[in-house]
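A short worksheet on the structure shown next.
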Amino acid sequence: MSHIVHRNLRSDPPLAVSGEGIMLRDAAGREIIDGSGGAAVACLGHGHPKVIAAMKAQIDRLCYAHTSLFSCDSAERLADQMVGHAPGGLTHAYFCSSGSEGNEAAYKMARQYFLEIGQPQRRHFIARRQSYHGNTLGALSASGNAARRAPYEPILSPAFSHVSPCYAYRDRTDAEDDAAYVARLAAELEGEFQRLGPDTVIAFIAETVVGATLGCVTAVPGYFPAMRAVCERHGALLILDEVMSGVGRCGTMHAWEAEGVTPDIQIIAKGLGGGYQPIGGILVHGRIIEGLTGGTGTFQHGHTYQAHPVACAAALAVQQVIAEEGLLANVQAMGALLEARLTERLGNHRHIGDIRGRGLFWAVEFVTDRAGKTPFDPALKLNERVKQEAFARGLACYPMGGTIDGKRGDHAILAPPYIVDAAQ
Ligand code: PLP
């Protein structure tokens, strides 16, 4: 048996040995379509020569310099690429090694911002049930994913509370239109502010498009502006987690571009480096940076490998390829095709309850009957079986169990690389 602590300690996963374009190959010579980019990571597919060349050039020049003493060219250029044109007022970037680390940085920066501007009483975060923000303790405390929280519940932070997500397929009642549903969710958020004490809340945290926990759930029109309005009424920040849904995955560079709001802090990861290197980060609104600069002038946080030169070089090359090769247009076009094909082939399937997503970020939700939207018994481990069946037929996809609160269905995510073509 392997000496690695795998996700499943009783498993013996196949060895991945090479990758090219949208394909992965294992040690047994099997060719697998990387249909979900892992967990929506491999946005350029595998073996992109420009990214590899950029990493090699960076390795030849400089592998590491500690950020307490130095900045480096690849990090500076990556920050310029991401916020040089100040999208939505986001003017600064902080780079770390994962989405979880990005979430931790976002929460700590938000808390420190309020300390610096003289509001130390702010100590609560409101996140959403059925959400996932990472596996480190702070990020898991924000996460509403009950299954992932369960073993660690006693050691999670009480600074985080949760309200309902925007999940129209299951939670909008027949009597409600979008506006009424949004009004109900806004009232719930307002109620949570009141319960905690409105001036004690630091931020509302949400995934712009819900990733793994619900499977590519987009908000109904007007949802984010309404949540933003509640935050603004009480002087709290809006933190959007775009670790899965951002950096082009949903057809715009930032998923929030389609929502009519801009975040105060945004978290990015997966598609930032496309899997070529471990990298995540936060993009920060100028007024937060002004608050920090006008106070102690430091961010009391940091990691040994933050803004790592090679990781930043890889991410810069990934972002340049996305821009130069016009890949967002391909995400939109191939996303429309994927939606059409899913609807055509599965739209009437008796065990497919919902097909949803945006860009190249799509999920199907499995039900025992479409009318009742009844989920499968979790004991069947449908998600695991879907994963194995798909794999046996040459497709890697990303299924998740719907055991969250007994009424959510299993789903599977498809998130192919942005370079995918119509035939593939
Ligand atoms: N936030 C979201 C929305 C995610 O989907 C994930 C990972 O799946 C994370 C945060 C955590 O990112 P990482 O696994 O890189 O720590």
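We label chains A, B, ... in the order they appear in the structure tokens, count residues from 1 in each chain, and number ligands from 1 in the order shown.
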Q: Kindly provide, as a PyMOL selection string, all nucleotide and amino acid residues lying within 7 Å of ligand 1, counting only C-alpha atoms and all ligand atoms.
A: chain A and resi 39+98-101+103+132-135+207+210-212+241-244+269-270+280
Q: Find the residues around Asp60 of chain A up to 10 Å (only C-alpha atoms counted), leave out those fewer than 5 positions away in its own chain, and share them as a ChimeraX atom specification.
A: /A:54-55,310
Dump of N, CA and C atoms for the selected residues, as a PDB file, in the first residue's frame:
```
ATOM      1  N   ALA A  54       7.514  29.700 -19.489  1.00  0.00           N
ATOM      2  CA  ALA A  54       7.594  30.801 -18.514  1.00  0.00           C
ATOM      3  C   ALA A  54       8.096  30.291 -17.163  1.00  0.00           C
ATOM      4  N   MET A  55       7.637  29.091 -16.780  1.00  0.00           N
ATOM      5  CA  MET A  55       8.109  28.533 -15.506  1.00  0.00           C
ATOM      6  C   MET A  55       9.597  28.212 -15.585  1.00  0.00           C
ATOM      7  N   VAL A 310       8.005  31.368  -8.893  1.00  0.00           N
ATOM      8  CA  VAL A 310       7.676  30.418  -9.965  1.00  0.00           C
ATOM      9  C   VAL A 310       6.161  30.258 -10.094  1.00  0.00           C
TER      10      VAL A 310
END
```
Q | Members of segment 122-193 of chain A assigned strand (DSSP E or B) by DSSP, as a ChimeraX atom specification | A | /A:124-128,160-163
Q) Which of these residues is nearest to Ala159 of chain A, using only C-alpha atoms: A:Arg123, A:His411, A:His6, A:Arg287? A)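 Smallest distance to Ala159 of chain A is found for A:Arg123.
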Q) Leaving out Ala333 of chain A and any residue of its chain fewer than 2 positions from it, which residues lie within 12 Å of it when counting only C-alpha atoms, given as number ranges by chain? A) A: 250-251, 326-331, 335-340, 358-360, 418-422
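Taking atom CA of Tyr398 of chain A and atom CA of Thr262 of chain A as endpoints, the distance between them is 28.7 Å.
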